[in-house]
Every structure is written in structure tokens, then in C-alpha cells.
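Take a look at the structure set out below.
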Amino acid sequence: MTTRRTLTDLMNDVSGCGARDWSVPQDLGCDRMTVTAAWLASDDPVAMLFLLAAVHPRRQVEKCIELTTAMSFFEPMRDEAHSMSRRLPGMNFNGRSPFYFIHLYQMLHSALRWMEDTERSRLEPELAAAIRVVVPDPFTLVGPAA
């Protein structure tokens, strides 16, 4: 009998493998079906954004805007959505680009870390659901046909 691993467990394994080159897709250490099943069952939005960063290291302007907009009921993501809307693609600005999943992961991880446990446990499933609405399949970034 095999135990079903959570997305949080899978992503902890990815992060625990030492220094990595985050400019290339990461080896997740398990098959795509296992990761997809864990994605669909996950209520950990931080692990979900970390998976997106691991699988899609390149700039993703439209998806990052969609994700921050979908999660805008959470104030830090609302602020980031507003900030992104002022930064048009191709526009020069100081600092690193916010249109990478690793940026969203770092921002959400930092914002949730300081929250009270009861508030965080209420908010995480809502954020995870919002992420899945925008990205139903973490490997293709394409939603179901309308």
C-alpha cells in the first residue's frame, strides 16, 4: 500500500535539494499524475505557487495578473494586482519583474507566515481554490475549453 503524498510534501522535497538554478524547470522527483492528483487535492496555496515556479520558470505576464486578480480578496495580493496593472509588459522599471511565479510564491509565503493560525487556516483553502480556477492544470497553464 502506498501513501498518498500531499503537494506540500512534494514541494518540501523539491526545496530541500540544495541550491538550484530556478531559471530552468525543476525535476519534481515523481510522475506527472502524482503531482496533478496532489495539485487537485491541495489546500496549500504556497505549495501551489511554488509548484508553478518550479515547472514554469519563465515570465508569465497574463497568468500572474490573472492569479493576483483571482486572489485579490487577500489584501497583499490585491496590492500586487494593482501594482502589476501599472506595469505594462515591456515597460522598463527598477527592480525585478513581478511577472514570475517565484515572485508570487515569495510574496504569499511572506504574507501568510505572520498570520494567526485560525485566520490562515480559513484563508488558505480559499486562496488554493482561486489558484485552481486560474490554473486547473499546473503543467499546461491552460484552463478547460469554454
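As shown in the C-alpha cells, the chain order sets the letters A, B, ...; within each chain, residues go from 1, and ligands are also counted from 1 in the order they appear.
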Which of chain A end up as alpha helix (DSSP H) when DSSP is run on this backbone - answer as a short mmCIF file (atom, residue, chain, number, x, y, z; two decimals) with C-alpha atoms, in the first residue's frame?
data_model
loop_
_atom_site.label_atom_id
_atom_site.label_comp_id
_atom_site.auth_asym_id
_atom_site.auth_seq_id
_atom_site.Cartn_x
_atom_site.Cartn_y
_atom_site.Cartn_z
CA LEU A 7 1.58 18.75 -2.67
CA THR A 8 3.15 20.33 0.41
CA ASP A 9 5.24 17.17 0.96
CA LEU A 10 6.25 17.00 -2.71
CA MET A 11 7.32 20.65 -2.78
CA ASN A 12 9.20 20.31 0.52
CA ASP A 13 11.27 17.60 -1.20
CA VAL A 14 11.96 19.94 -4.13
CA SER A 15 13.01 22.82 -1.88
CA ARG A 32 3.09 13.96 -13.56
CA MET A 33 -0.05 12.07 -12.48
CA THR A 34 1.07 12.07 -8.84
CA VAL A 35 1.74 15.80 -8.95
CA THR A 36 -1.57 16.55 -10.69
CA ALA A 37 -3.51 14.50 -8.11
CA ALA A 38 -1.73 16.32 -5.29
CA TRP A 39 -2.47 19.68 -7.02
CA LEU A 40 -6.18 18.94 -7.26
CA ALA A 41 -6.38 17.90 -3.59
CA PRO A 45 -1.61 27.96 -1.88
CA VAL A 46 2.08 28.49 -1.09
CA ALA A 47 2.97 24.99 -2.30
CA MET A 48 0.79 25.52 -5.38
CA LEU A 49 2.63 28.72 -6.35
CA PHE A 50 5.94 27.00 -5.61
CA LEU A 51 4.99 24.18 -7.99
CA LEU A 52 4.15 26.72 -10.70
CA ALA A 53 7.53 28.39 -10.14
CA ALA A 54 9.29 25.01 -10.38
CA VAL A 55 7.53 23.94 -13.57
CA VAL A 61 2.62 38.10 -17.52
CA GLU A 62 -1.00 37.13 -18.21
CA LYS A 63 -1.16 34.25 -15.71
CA CYS A 64 0.47 36.28 -12.93
CA ILE A 65 -2.04 39.08 -13.45
CA GLU A 66 -4.91 36.56 -13.51
CA LEU A 67 -3.65 34.89 -10.32
CA THR A 68 -3.23 38.10 -8.35
CA THR A 69 -6.64 39.29 -9.53
CA ALA A 70 -8.26 35.98 -8.52
CA GLU A 75 -5.01 42.35 0.72
CA PRO A 76 -1.35 41.64 -0.19
CA MET A 77 -2.46 40.07 -3.48
CA ARG A 78 -4.88 42.95 -4.13
CA ASP A 79 -1.98 45.38 -3.68
CA GLU A 80 0.18 43.29 -6.03
CA ALA A 81 -2.58 43.12 -8.66
CA HIS A 82 -2.82 46.91 -8.54
CA SER A 83 0.97 47.22 -8.83
CA MET A 84 1.06 44.82 -11.78
CA SER A 85 -1.68 46.72 -13.58
CA PHE A 101 5.52 32.64 -10.28
CA ILE A 102 8.53 32.59 -7.94
CA HIS A 103 7.76 36.23 -7.08
CA LEU A 104 4.13 35.40 -6.24
CA TYR A 105 5.26 32.39 -4.21
CA GLN A 106 7.69 34.50 -2.17
CA MET A 107 5.14 37.23 -1.63
CA LEU A 108 2.37 34.87 -0.47
CA HIS A 109 4.75 32.84 1.70
CA SER A 110 5.87 36.01 3.45
CA ALA A 111 2.34 37.38 3.87
CA LEU A 112 0.92 34.16 5.34
CA ARG A 113 3.85 33.44 7.63
CA ASP A 117 -3.24 30.21 12.65
CA THR A 118 -7.04 30.37 12.70
CA GLU A 119 -7.13 33.13 10.08
CA ARG A 120 -4.53 31.35 7.95
CA SER A 121 -6.40 28.03 8.07
CA ARG A 122 -9.57 29.80 6.93
CA LEU A 123 -7.83 31.72 4.16
CA GLU A 124 -5.58 29.03 2.64
CA PRO A 125 -8.36 26.88 1.12
CA GLU A 126 -9.93 30.00 -0.43
CA LEU A 127 -6.60 31.04 -1.97
CA ALA A 128 -5.97 27.49 -3.23
CA ALA A 129 -9.40 27.39 -4.86
CA ALA A 130 -8.74 30.75 -6.53
CA ILE A 131 -5.43 29.46 -7.91
CA ARG A 132 -7.09 26.30 -9.29
CA VAL A 133 -9.74 28.41 -11.07
CA VAL A 134 -6.99 30.25 -12.97
#
Atom pair CA of Pro25 (chain A) + CA of Arg58 (chain A), distance 8.8 Å
#### Entry: Interatomic distance, CA of Asp31 (chain A) to CA of Tyr100 (chain A) (Å, one decimal)
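Distance reported for this atom pair: 24.0 Å.
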Quote the spacing between CA of Val24 (chain A) and CA of Phe74 (chain A) in Å to one decimal place.
->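 Atom-to-atom, CA of Val24 (chain A) and CA of Phe74 (chain A) are spaced 29.7 Å apart.
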